[in-house]
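Visitor: I'm passing along model.cif; it holds mmCIF, N, CA and C atoms.
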```cif
data_start
loop_
_atom_site.label_atom_id
_atom_site.label_comp_id
_atom_site.auth_asym_id
_atom_site.auth_seq_id
_atom_site.Cartn_x
_atom_site.Cartn_y
_atom_site.Cartn_z
N MET A 16 -13.67 7.76 7.38
CA MET A 16 -13.02 7.07 8.47
C MET A 16 -11.53 6.99 8.19
N HIS A 17 -10.72 7.23 9.18
CA HIS A 17 -9.26 7.19 9.05
C HIS A 17 -8.79 5.79 9.45
N VAL A 18 -7.77 5.29 8.77
CA VAL A 18 -7.27 3.94 9.04
C VAL A 18 -6.05 4.01 9.93
N SER A 19 -6.03 3.18 10.94
CA SER A 19 -4.87 3.08 11.81
C SER A 19 -4.12 1.80 11.48
N ALA A 20 -2.88 1.72 11.95
CA ALA A 20 -2.04 0.57 11.63
C ALA A 20 -2.66 -0.75 12.06
N ASP A 21 -3.41 -0.75 13.15
CA ASP A 21 -3.97 -2.01 13.64
C ASP A 21 -5.19 -2.47 12.84
N GLU A 22 -5.63 -1.65 11.88
CA GLU A 22 -6.76 -2.03 11.03
C GLU A 22 -6.30 -2.58 9.69
N ARG A 23 -5.01 -2.67 9.46
CA ARG A 23 -4.47 -3.13 8.18
C ARG A 23 -4.57 -4.64 8.07
N LEU A 24 -4.68 -5.11 6.86
CA LEU A 24 -4.73 -6.54 6.57
C LEU A 24 -3.90 -6.75 5.31
N LEU A 25 -3.03 -7.76 5.32
CA LEU A 25 -2.18 -8.05 4.17
C LEU A 25 -2.42 -9.46 3.68
N SER A 26 -2.22 -9.65 2.38
CA SER A 26 -2.26 -11.01 1.87
C SER A 26 -0.97 -11.70 2.32
N GLU A 27 -1.02 -13.01 2.46
CA GLU A 27 0.18 -13.75 2.87
C GLU A 27 1.31 -13.57 1.87
N LEU A 28 0.99 -13.58 0.57
CA LEU A 28 2.02 -13.42 -0.45
C LEU A 28 2.65 -12.02 -0.39
N ASP A 29 1.83 -10.98 -0.25
CA ASP A 29 2.38 -9.63 -0.12
C ASP A 29 3.30 -9.56 1.09
N HIS A 30 2.86 -10.14 2.19
CA HIS A 30 3.65 -10.13 3.43
C HIS A 30 5.02 -10.76 3.20
N VAL A 31 5.04 -11.96 2.62
CA VAL A 31 6.30 -12.67 2.38
C VAL A 31 7.21 -11.87 1.45
N ARG A 32 6.65 -11.37 0.35
CA ARG A 32 7.47 -10.61 -0.61
C ARG A 32 8.00 -9.31 -0.01
N LEU A 33 7.17 -8.63 0.77
CA LEU A 33 7.61 -7.35 1.34
C LEU A 33 8.62 -7.55 2.46
N VAL A 34 8.46 -8.59 3.25
CA VAL A 34 9.48 -8.89 4.28
C VAL A 34 10.81 -9.19 3.59
N GLY A 35 10.80 -9.95 2.51
CA GLY A 35 12.02 -10.23 1.75
C GLY A 35 12.65 -8.97 1.20
N LEU A 36 11.82 -8.10 0.63
CA LEU A 36 12.31 -6.83 0.09
C LEU A 36 12.95 -5.98 1.19
N LEU A 37 12.28 -5.88 2.32
CA LEU A 37 12.80 -5.07 3.42
C LEU A 37 14.07 -5.67 4.01
N THR A 38 14.16 -6.98 4.04
CA THR A 38 15.36 -7.64 4.54
C THR A 38 16.55 -7.26 3.66
N ARG A 39 16.34 -7.29 2.34
CA ARG A 39 17.42 -6.90 1.42
C ARG A 39 17.77 -5.42 1.57
N LEU A 40 16.76 -4.57 1.73
CA LEU A 40 17.01 -3.14 1.86
C LEU A 40 17.74 -2.79 3.16
N THR A 41 17.33 -3.41 4.25
CA THR A 41 17.96 -3.06 5.53
C THR A 41 19.39 -3.56 5.61
N ALA A 42 19.77 -4.48 4.74
CA ALA A 42 21.17 -4.92 4.69
C ALA A 42 22.04 -3.80 4.14
N SER A 43 21.45 -2.92 3.30
CA SER A 43 22.24 -1.84 2.70
C SER A 43 21.94 -0.46 3.28
N ARG A 44 20.80 -0.30 3.93
CA ARG A 44 20.47 1.00 4.52
C ARG A 44 19.49 0.81 5.66
N HIS A 45 19.49 1.74 6.57
CA HIS A 45 18.54 1.70 7.67
C HIS A 45 18.10 3.13 7.94
N ASP A 46 16.83 3.42 7.63
CA ASP A 46 16.31 4.76 7.85
C ASP A 46 14.91 4.66 8.42
N ASP A 47 14.34 5.80 8.75
CA ASP A 47 13.01 5.82 9.36
C ASP A 47 11.94 5.22 8.45
N ALA A 48 12.03 5.51 7.15
CA ALA A 48 11.02 5.00 6.21
C ALA A 48 11.06 3.48 6.16
N THR A 49 12.25 2.91 6.11
CA THR A 49 12.38 1.46 6.08
C THR A 49 11.87 0.85 7.37
N GLN A 50 12.17 1.49 8.49
CA GLN A 50 11.70 1.00 9.79
C GLN A 50 10.18 1.07 9.89
N ASP A 51 9.59 2.17 9.41
CA ASP A 51 8.13 2.30 9.42
C ASP A 51 7.47 1.20 8.59
N ALA A 52 8.05 0.94 7.42
CA ALA A 52 7.52 -0.11 6.55
C ALA A 52 7.63 -1.46 7.23
N HIS A 53 8.78 -1.73 7.82
CA HIS A 53 9.00 -3.00 8.52
C HIS A 53 7.98 -3.17 9.64
N ASP A 54 7.80 -2.13 10.46
CA ASP A 54 6.86 -2.20 11.58
C ASP A 54 5.44 -2.50 11.12
N LEU A 55 5.00 -1.84 10.05
CA LEU A 55 3.66 -2.07 9.54
C LEU A 55 3.51 -3.49 9.01
N ILE A 56 4.48 -3.91 8.22
CA ILE A 56 4.37 -5.20 7.55
C ILE A 56 4.44 -6.37 8.52
N VAL A 57 5.32 -6.31 9.49
CA VAL A 57 5.44 -7.46 10.40
C VAL A 57 4.34 -7.51 11.45
N THR A 58 3.65 -6.40 11.70
CA THR A 58 2.60 -6.41 12.72
C THR A 58 1.19 -6.57 12.17
N SER A 59 1.02 -6.43 10.86
CA SER A 59 -0.32 -6.55 10.28
C SER A 59 -0.72 -8.01 10.15
N PRO A 60 -1.98 -8.31 10.46
CA PRO A 60 -2.46 -9.68 10.25
C PRO A 60 -2.49 -10.02 8.76
N THR A 61 -2.38 -11.30 8.45
CA THR A 61 -2.37 -11.75 7.06
C THR A 61 -3.49 -12.75 6.81
N VAL A 62 -3.88 -12.84 5.53
CA VAL A 62 -4.87 -13.83 5.11
C VAL A 62 -4.38 -14.46 3.81
N PRO A 63 -4.77 -15.70 3.55
CA PRO A 63 -4.41 -16.33 2.26
C PRO A 63 -5.01 -15.51 1.11
N GLY A 64 -4.36 -15.56 -0.05
CA GLY A 64 -4.83 -14.81 -1.21
C GLY A 64 -6.28 -15.08 -1.54
N THR A 65 -6.72 -16.32 -1.38
CA THR A 65 -8.11 -16.67 -1.71
C THR A 65 -9.11 -16.08 -0.72
N ALA A 66 -8.63 -15.58 0.42
CA ALA A 66 -9.51 -15.01 1.44
C ALA A 66 -9.42 -13.49 1.51
N VAL A 67 -8.68 -12.87 0.59
CA VAL A 67 -8.53 -11.42 0.59
C VAL A 67 -9.86 -10.77 0.19
N PRO A 68 -10.37 -9.85 1.03
CA PRO A 68 -11.61 -9.16 0.66
C PRO A 68 -11.40 -8.33 -0.61
N PRO A 69 -12.40 -8.24 -1.48
CA PRO A 69 -12.23 -7.53 -2.76
C PRO A 69 -12.07 -6.02 -2.62
N ASP A 70 -12.32 -5.46 -1.43
CA ASP A 70 -12.19 -4.01 -1.23
C ASP A 70 -10.87 -3.63 -0.55
N LEU A 71 -9.92 -4.56 -0.50
CA LEU A 71 -8.64 -4.35 0.19
C LEU A 71 -7.55 -3.95 -0.80
N VAL A 72 -6.72 -2.97 -0.44
CA VAL A 72 -5.59 -2.56 -1.27
C VAL A 72 -4.44 -3.51 -1.02
N THR A 73 -4.10 -4.29 -2.04
CA THR A 73 -2.98 -5.22 -2.01
C THR A 73 -1.97 -4.75 -3.06
N MET A 74 -0.85 -5.44 -3.14
CA MET A 74 0.14 -5.09 -4.16
C MET A 74 -0.49 -5.22 -5.55
N ARG A 75 -0.18 -4.24 -6.38
CA ARG A 75 -0.65 -4.15 -7.76
C ARG A 75 -2.14 -3.83 -7.88
N THR A 76 -2.73 -3.38 -6.78
CA THR A 76 -4.11 -2.91 -6.84
C THR A 76 -4.13 -1.54 -7.52
N ARG A 77 -5.10 -1.34 -8.40
CA ARG A 77 -5.33 -0.04 -9.03
C ARG A 77 -6.56 0.56 -8.35
N LEU A 78 -6.43 1.81 -7.94
CA LEU A 78 -7.50 2.43 -7.15
C LEU A 78 -7.69 3.89 -7.53
N LEU A 79 -8.81 4.40 -7.13
CA LEU A 79 -9.13 5.82 -7.31
C LEU A 79 -8.99 6.48 -5.95
N LEU A 80 -8.08 7.47 -5.84
CA LEU A 80 -7.87 8.19 -4.59
C LEU A 80 -8.46 9.59 -4.74
N ARG A 81 -9.31 9.98 -3.79
CA ARG A 81 -9.99 11.28 -3.83
C ARG A 81 -9.49 12.14 -2.68
N ASP A 82 -9.09 13.39 -3.00
CA ASP A 82 -8.65 14.30 -1.94
C ASP A 82 -9.84 15.07 -1.37
N ALA A 83 -9.58 15.89 -0.36
CA ALA A 83 -10.66 16.62 0.33
C ALA A 83 -11.41 17.56 -0.60
N ALA A 84 -10.74 18.05 -1.65
CA ALA A 84 -11.37 18.96 -2.60
C ALA A 84 -12.18 18.22 -3.66
N GLY A 85 -12.11 16.88 -3.64
CA GLY A 85 -12.87 16.08 -4.60
C GLY A 85 -12.07 15.68 -5.83
N ALA A 86 -10.81 16.14 -5.92
CA ALA A 86 -9.97 15.75 -7.06
C ALA A 86 -9.62 14.28 -6.94
N GLU A 87 -9.64 13.57 -8.07
CA GLU A 87 -9.37 12.14 -8.06
C GLU A 87 -8.16 11.82 -8.93
N GLN A 88 -7.44 10.80 -8.49
CA GLN A 88 -6.34 10.30 -9.31
C GLN A 88 -6.33 8.78 -9.24
N THR A 89 -5.98 8.17 -10.37
CA THR A 89 -5.87 6.72 -10.44
C THR A 89 -4.44 6.33 -10.11
N LEU A 90 -4.27 5.43 -9.16
CA LEU A 90 -2.97 4.98 -8.71
C LEU A 90 -2.90 3.46 -8.72
N THR A 91 -1.69 2.94 -8.90
CA THR A 91 -1.44 1.51 -8.79
C THR A 91 -0.32 1.34 -7.77
N LEU A 92 -0.53 0.47 -6.80
CA LEU A 92 0.46 0.20 -5.77
C LEU A 92 1.45 -0.84 -6.30
N VAL A 93 2.74 -0.47 -6.38
CA VAL A 93 3.74 -1.33 -7.00
C VAL A 93 4.98 -1.47 -6.12
N TYR A 94 5.85 -2.40 -6.51
CA TYR A 94 7.14 -2.55 -5.85
C TYR A 94 8.05 -1.40 -6.30
N PRO A 95 9.06 -1.05 -5.49
CA PRO A 95 9.90 0.12 -5.80
C PRO A 95 10.48 0.13 -7.22
N ALA A 96 10.92 -0.99 -7.73
CA ALA A 96 11.53 -1.04 -9.06
C ALA A 96 10.53 -0.71 -10.17
N GLU A 97 9.24 -0.81 -9.89
CA GLU A 97 8.20 -0.56 -10.88
C GLU A 97 7.59 0.83 -10.77
N ALA A 98 8.03 1.60 -9.79
CA ALA A 98 7.44 2.92 -9.52
C ALA A 98 7.65 3.88 -10.68
N ASP A 99 6.59 4.60 -11.01
CA ASP A 99 6.62 5.64 -12.04
C ASP A 99 5.48 6.60 -11.71
N VAL A 100 5.80 7.63 -10.95
CA VAL A 100 4.78 8.55 -10.46
C VAL A 100 3.99 9.17 -11.62
N ALA A 101 4.67 9.48 -12.71
CA ALA A 101 3.99 10.09 -13.85
C ALA A 101 2.91 9.18 -14.42
N GLN A 102 3.07 7.87 -14.26
CA GLN A 102 2.09 6.90 -14.75
C GLN A 102 1.12 6.46 -13.64
N GLY A 103 1.26 7.05 -12.45
CA GLY A 103 0.39 6.69 -11.34
C GLY A 103 0.81 5.42 -10.62
N CYS A 104 2.02 4.94 -10.87
CA CYS A 104 2.53 3.73 -10.21
C CYS A 104 3.32 4.15 -8.98
N ILE A 105 2.74 3.92 -7.82
CA ILE A 105 3.28 4.42 -6.56
C ILE A 105 3.99 3.29 -5.81
N SER A 106 5.24 3.52 -5.43
CA SER A 106 6.00 2.52 -4.67
C SER A 106 5.36 2.27 -3.32
N VAL A 107 5.27 1.00 -2.97
CA VAL A 107 4.74 0.61 -1.67
C VAL A 107 5.59 1.19 -0.54
N LEU A 108 6.86 1.48 -0.80
CA LEU A 108 7.73 2.01 0.25
C LEU A 108 7.74 3.53 0.32
N SER A 109 6.97 4.20 -0.54
CA SER A 109 6.82 5.65 -0.44
C SER A 109 5.83 5.94 0.69
N PRO A 110 5.83 7.16 1.22
CA PRO A 110 4.85 7.47 2.27
C PRO A 110 3.40 7.23 1.83
N LEU A 111 3.06 7.62 0.60
CA LEU A 111 1.70 7.38 0.10
C LEU A 111 1.44 5.89 -0.06
N GLY A 112 2.38 5.19 -0.68
CA GLY A 112 2.20 3.75 -0.89
C GLY A 112 2.02 2.99 0.40
N LEU A 113 2.85 3.32 1.38
CA LEU A 113 2.76 2.64 2.67
C LEU A 113 1.44 2.95 3.36
N SER A 114 0.93 4.16 3.16
CA SER A 114 -0.36 4.51 3.78
C SER A 114 -1.51 3.75 3.14
N LEU A 115 -1.36 3.37 1.86
CA LEU A 115 -2.43 2.66 1.14
C LEU A 115 -2.43 1.16 1.41
N LEU A 116 -1.27 0.57 1.61
CA LEU A 116 -1.16 -0.89 1.76
C LEU A 116 -2.05 -1.40 2.90
N GLY A 117 -2.93 -2.33 2.57
CA GLY A 117 -3.77 -2.96 3.58
C GLY A 117 -5.00 -2.17 3.95
N CYS A 118 -5.25 -1.05 3.29
CA CYS A 118 -6.45 -0.26 3.56
C CYS A 118 -7.61 -0.78 2.72
N ARG A 119 -8.79 -0.28 3.04
CA ARG A 119 -9.99 -0.71 2.33
C ARG A 119 -10.68 0.46 1.64
N GLU A 120 -11.44 0.12 0.64
CA GLU A 120 -12.25 1.12 -0.06
C GLU A 120 -13.07 1.88 0.98
N GLY A 121 -13.09 3.21 0.85
CA GLY A 121 -13.84 4.05 1.77
C GLY A 121 -13.00 4.60 2.92
N GLN A 122 -11.83 4.04 3.13
CA GLN A 122 -10.98 4.52 4.22
C GLN A 122 -10.15 5.72 3.78
N THR A 123 -9.86 6.59 4.74
CA THR A 123 -9.03 7.76 4.50
C THR A 123 -7.62 7.47 4.99
N VAL A 124 -6.65 7.84 4.16
CA VAL A 124 -5.25 7.64 4.51
C VAL A 124 -4.56 9.00 4.61
N GLN A 125 -3.49 9.05 5.37
CA GLN A 125 -2.69 10.26 5.51
C GLN A 125 -1.24 9.91 5.26
N TRP A 126 -0.51 10.85 4.66
CA TRP A 126 0.91 10.66 4.41
C TRP A 126 1.58 12.02 4.32
N GLN A 127 2.87 12.02 4.57
CA GLN A 127 3.65 13.24 4.44
C GLN A 127 4.28 13.26 3.06
N GLY A 128 4.01 14.32 2.33
CA GLY A 128 4.55 14.46 0.98
C GLY A 128 5.98 14.95 0.97
N ARG A 129 6.56 14.99 -0.21
CA ARG A 129 7.92 15.50 -0.35
C ARG A 129 8.03 16.95 0.11
N ASP A 130 6.89 17.65 0.07
CA ASP A 130 6.84 19.03 0.53
C ASP A 130 6.77 19.14 2.05
N ARG A 131 6.85 17.98 2.73
CA ARG A 131 6.80 17.87 4.19
C ARG A 131 5.45 18.30 4.78
N VAL A 132 4.44 18.36 3.93
CA VAL A 132 3.08 18.69 4.35
C VAL A 132 2.29 17.39 4.46
N MET A 133 1.42 17.31 5.47
CA MET A 133 0.56 16.13 5.61
C MET A 133 -0.58 16.24 4.60
N HIS A 134 -0.79 15.16 3.88
CA HIS A 134 -1.85 15.07 2.89
C HIS A 134 -2.82 13.97 3.32
N ALA A 135 -4.04 14.03 2.80
CA ALA A 135 -5.03 12.99 3.09
C ALA A 135 -5.82 12.70 1.83
N GLY A 136 -6.29 11.50 1.74
CA GLY A 136 -7.13 11.10 0.62
C GLY A 136 -7.95 9.89 1.01
N THR A 137 -9.03 9.70 0.31
CA THR A 137 -9.92 8.57 0.57
C THR A 137 -9.82 7.58 -0.59
N VAL A 138 -9.72 6.31 -0.25
CA VAL A 138 -9.74 5.27 -1.27
C VAL A 138 -11.20 5.20 -1.76
N ALA A 139 -11.45 5.92 -2.85
CA ALA A 139 -12.82 6.07 -3.35
C ALA A 139 -13.34 4.80 -4.00
N LYS A 140 -12.44 4.10 -4.72
CA LYS A 140 -12.87 2.89 -5.42
C LYS A 140 -11.67 2.02 -5.77
N ILE A 141 -11.85 0.73 -5.59
CA ILE A 141 -10.86 -0.25 -6.06
C ILE A 141 -11.24 -0.55 -7.51
N LEU A 142 -10.35 -0.22 -8.43
CA LEU A 142 -10.62 -0.44 -9.86
C LEU A 142 -10.18 -1.83 -10.30
N TYR A 143 -9.11 -2.32 -9.69
CA TYR A 143 -8.60 -3.66 -9.99
C TYR A 143 -7.81 -4.15 -8.79
N GLN A 144 -8.08 -5.37 -8.39
CA GLN A 144 -7.30 -6.02 -7.33
C GLN A 144 -6.95 -7.40 -7.85
N PRO A 145 -5.65 -7.76 -7.85
CA PRO A 145 -5.26 -9.05 -8.41
C PRO A 145 -6.03 -10.24 -7.81
N GLU A 146 -6.16 -10.27 -6.52
CA GLU A 146 -6.81 -11.42 -5.87
C GLU A 146 -8.28 -11.53 -6.29
N ALA A 147 -8.97 -10.41 -6.39
CA ALA A 147 -10.38 -10.44 -6.82
C ALA A 147 -10.51 -10.91 -8.27
N ALA A 148 -9.43 -10.69 -9.04
CA ALA A 148 -9.41 -11.12 -10.45
C ALA A 148 -8.91 -12.56 -10.59
N GLY A 149 -8.63 -13.21 -9.46
CA GLY A 149 -8.17 -14.60 -9.50
C GLY A 149 -6.68 -14.75 -9.68
N ASP A 150 -5.92 -13.65 -9.60
CA ASP A 150 -4.45 -13.70 -9.74
C ASP A 150 -3.86 -13.71 -8.33
N TYR A 151 -3.43 -14.88 -7.92
CA TYR A 151 -2.89 -15.04 -6.57
C TYR A 151 -1.37 -15.02 -6.56
N GLY A 152 -0.75 -14.70 -7.69
CA GLY A 152 0.69 -14.51 -7.76
C GLY A 152 1.52 -15.72 -7.42
N THR A 153 1.05 -16.89 -7.77
CA THR A 153 1.78 -18.11 -7.42
C THR A 153 3.09 -18.25 -8.13
#
```
Do you think you could lay out the structure here as structure tokens?
Guide:
Amino acid sequence: MHVSADERLLSELDHVRLVGLLTRLTASRHDDATQDAHDLIVTSPTVPGTAVPPDLVTMRTRLLLRDAAGAEQTLTLVYPAEADVAQGCISVLSPLGLSLLGCREGQTVQWQGRDRVMHAGTVAKILYQPEAAGDYGT
């Protein structure tokens, strides 16, 4: 199943932190990627951290992403300053990161890579989610 923007769900804390991040970024730059992130984040419904479903991709979630050929990679969704692609730490503001935010295990996401080709992958498994582990980021 493919996920559309209206199916996304964000934790209240992720929403607040990401709106703050985007506010700071748009003060210094304004581009399509920042606008896409803003549109997704401000229009997605939110839930308190204690009500986040355990199969939801939130900030700092570690997940297994499977491509159409069955290849899997372990990724962690992080803030831009923490991004390290070689370590599987994907910025939430990257095309892949933004496609993962608010998705659920079993959903297929699509993003445009640096090669300008559309890619797709399925969130095969949530390996770690802060809220499910009792870390509400207070």
Visitor: Which residues come within 5 Å of segment 21-35 of chain A, counting only N, CA and C atoms, excluding same-chain residues fewer than 2 positions away, as an MDAnalysis selection string?
Guide: chainID A and resid 19 37:39 60:64 117
Visitor: Step by step, work through what the PyMOL selection byres ((chain A and resi 93) around 8) selects in the shown file, and finish by giving those residues as a compact mmCIF listing (two decimals) with N, CA and C atoms, in the frame of the given file.
Guide:
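Done, and the output landed in expr_29.txt:
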```txt
# COMPACT_ATOMS: atom_id res chain seq x y z
N THR A 73 -4.10 -4.29 -2.04
CA THR A 73 -2.98 -5.22 -2.01
C THR A 73 -1.97 -4.75 -3.06
N MET A 74 -0.85 -5.44 -3.14
CA MET A 74 0.14 -5.09 -4.16
C MET A 74 -0.49 -5.22 -5.55
N ARG A 75 -0.18 -4.24 -6.38
CA ARG A 75 -0.65 -4.15 -7.76
C ARG A 75 -2.14 -3.83 -7.88
N THR A 76 -2.73 -3.38 -6.78
CA THR A 76 -4.11 -2.91 -6.84
C THR A 76 -4.13 -1.54 -7.52
N LEU A 90 -4.27 5.43 -9.16
CA LEU A 90 -2.97 4.98 -8.71
C LEU A 90 -2.90 3.46 -8.72
N THR A 91 -1.69 2.94 -8.90
CA THR A 91 -1.44 1.51 -8.79
C THR A 91 -0.32 1.34 -7.77
N LEU A 92 -0.53 0.47 -6.80
CA LEU A 92 0.46 0.20 -5.77
C LEU A 92 1.45 -0.84 -6.30
N TYR A 94 5.85 -2.40 -6.51
CA TYR A 94 7.14 -2.55 -5.85
C TYR A 94 8.05 -1.40 -6.30
N PRO A 95 9.06 -1.05 -5.49
CA PRO A 95 9.90 0.12 -5.80
C PRO A 95 10.48 0.13 -7.22
N ALA A 96 10.92 -0.99 -7.73
CA ALA A 96 11.53 -1.04 -9.06
C ALA A 96 10.53 -0.71 -10.17
N GLU A 97 9.24 -0.81 -9.89
CA GLU A 97 8.20 -0.56 -10.88
C GLU A 97 7.59 0.83 -10.77
N ALA A 98 8.03 1.60 -9.79
CA ALA A 98 7.44 2.92 -9.52
C ALA A 98 7.65 3.88 -10.68
N ASP A 99 6.59 4.60 -11.01
CA ASP A 99 6.62 5.64 -12.04
C ASP A 99 5.48 6.60 -11.71
N GLY A 103 1.26 7.05 -12.45
CA GLY A 103 0.39 6.69 -11.34
C GLY A 103 0.81 5.42 -10.62
N CYS A 104 2.02 4.94 -10.87
CA CYS A 104 2.53 3.73 -10.21
C CYS A 104 3.32 4.15 -8.98
N ILE A 105 2.74 3.92 -7.82
CA ILE A 105 3.28 4.42 -6.56
C ILE A 105 3.99 3.29 -5.81
N SER A 106 5.24 3.52 -5.43
CA SER A 106 6.00 2.52 -4.67
C SER A 106 5.36 2.27 -3.32
N VAL A 107 5.27 1.00 -2.97
CA VAL A 107 4.74 0.61 -1.67
C VAL A 107 5.59 1.19 -0.54
N LEU A 108 6.86 1.48 -0.80
CA LEU A 108 7.73 2.01 0.25
C LEU A 108 7.74 3.53 0.32
N GLY A 112 2.38 5.19 -0.68
CA GLY A 112 2.20 3.75 -0.89
C GLY A 112 2.02 2.99 0.40
```
Visitor: Which residues match the PyMOL selection byres ((chain A and resi 125) around 6.5) in the file above, as a list in words?
Guide: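 Going through the file, the PyMOL selection byres ((chain A and resi 125) around 6.5) ends up selecting Pro110, Leu111, Ser114, Thr123, Val124, Trp126, Gln127, Met133, His134, Ala135 and Gly136 of chain A.
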Visitor: Would you please extract all strand (DSSP E) residues from chain A, as assigned by DSSP on the backbone, and give them as a VMD selection string?
Guide: chain A and resid 25 to 26 61 to 62 77 to 81 87 to 93 104 to 106 123 to 127 133 to 143
Visitor: If you count only N, CA and C atoms, which residues fall within 6.5 Å of Ala139 of chain A, apart from same-chain ones fewer than 2 positions away, as a PyMOL selection string?
Guide: chain A and resi 78-81+120-122+137+141
Visitor: Print the selection's residues with N, CA and C atoms to a file, as an mmCIF file, keeping the file's coordinate frame.
Guide:
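Full text of out.cif as output:
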```
data_model
loop_
_atom_site.group_PDB
_atom_site.id
_atom_site.type_symbol
_atom_site.label_atom_id
_atom_site.label_comp_id
_atom_site.auth_asym_id
_atom_site.auth_seq_id
_atom_site.Cartn_x
_atom_site.Cartn_y
_atom_site.Cartn_z
ATOM 1 N N LEU A 78 -6.430 1.810 -7.940
ATOM 2 C CA LEU A 78 -7.500 2.430 -7.150
ATOM 3 C C LEU A 78 -7.690 3.890 -7.530
ATOM 4 N N LEU A 79 -8.810 4.400 -7.130
ATOM 5 C CA LEU A 79 -9.130 5.820 -7.310
ATOM 6 C C LEU A 79 -8.990 6.480 -5.950
ATOM 7 N N LEU A 80 -8.080 7.470 -5.840
ATOM 8 C CA LEU A 80 -7.870 8.190 -4.590
ATOM 9 C C LEU A 80 -8.460 9.590 -4.740
ATOM 10 N N ARG A 81 -9.310 9.980 -3.790
ATOM 11 C CA ARG A 81 -9.990 11.280 -3.830
ATOM 12 C C ARG A 81 -9.490 12.140 -2.680
ATOM 13 N N GLU A 120 -11.440 0.120 0.640
ATOM 14 C CA GLU A 120 -12.250 1.120 -0.060
ATOM 15 C C GLU A 120 -13.070 1.880 0.980
ATOM 16 N N GLY A 121 -13.090 3.210 0.850
ATOM 17 C CA GLY A 121 -13.840 4.050 1.770
ATOM 18 C C GLY A 121 -13.000 4.600 2.920
ATOM 19 N N GLN A 122 -11.830 4.040 3.130
ATOM 20 C CA GLN A 122 -10.980 4.520 4.220
ATOM 21 C C GLN A 122 -10.150 5.720 3.780
ATOM 22 N N THR A 137 -9.030 9.700 0.310
ATOM 23 C CA THR A 137 -9.920 8.570 0.570
ATOM 24 C C THR A 137 -9.820 7.580 -0.590
ATOM 25 N N ILE A 141 -11.850 0.730 -5.590
ATOM 26 C CA ILE A 141 -10.860 -0.250 -6.060
ATOM 27 C C ILE A 141 -11.240 -0.550 -7.510
#
```
Visitor: Apply the PyMOL selection byres ((chain A and resi 145) around 6.5) to the file shown and report the selected residues as a list in words.
Guide: Met74, Arg75, Thr76, Arg77, Tyr143, Gln144, Glu146, Ala147, Ala148, Gly149, Asp150 and Tyr151 of chain A
Visitor: Using DSSP assignments from the backbone, pull out every residue in segment 25-96 of chain A that falls under helix (DSSP H, G or I) and give it to me as a PyMOL selection string.
Guide: chain A and resi 27-43+47-58+64-66+95-96
Visitor: From the options A:Gly152, A:Gln102, A:Asp51, A:Val138, which residue's atoms come nearest to Leu115 of chain A, counting only C-alpha atoms?
Guide: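 Among the listed residues, A:Val138 lies closest to Leu115 of chain A.
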Visitor: Using Å and a single decimal, report how far atom C of Leu116 of chain A sits from atom CA of Ser59 of chain A.
Guide: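 Taking atom CA of Ser59 of chain A and atom C of Leu116 of chain A, their separation equals 9.2 Å.
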Visitor: Enter the distance from atom CA of Leu71 of chain A to atom CA of Lys140 of chain A, in Å, rounded to one decimal.
Guide: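 That distance, rounded to one decimal, is 10.1 Å.
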Visitor: Would you mind reading off the distance between atom C of Val67 of chain A and atom N of Gln88 of chain A, one decimal, in Å?
Guide: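 Answer for the atom C of Val67 of chain A to atom N of Gln88 of chain A separation: 23.4 Å.
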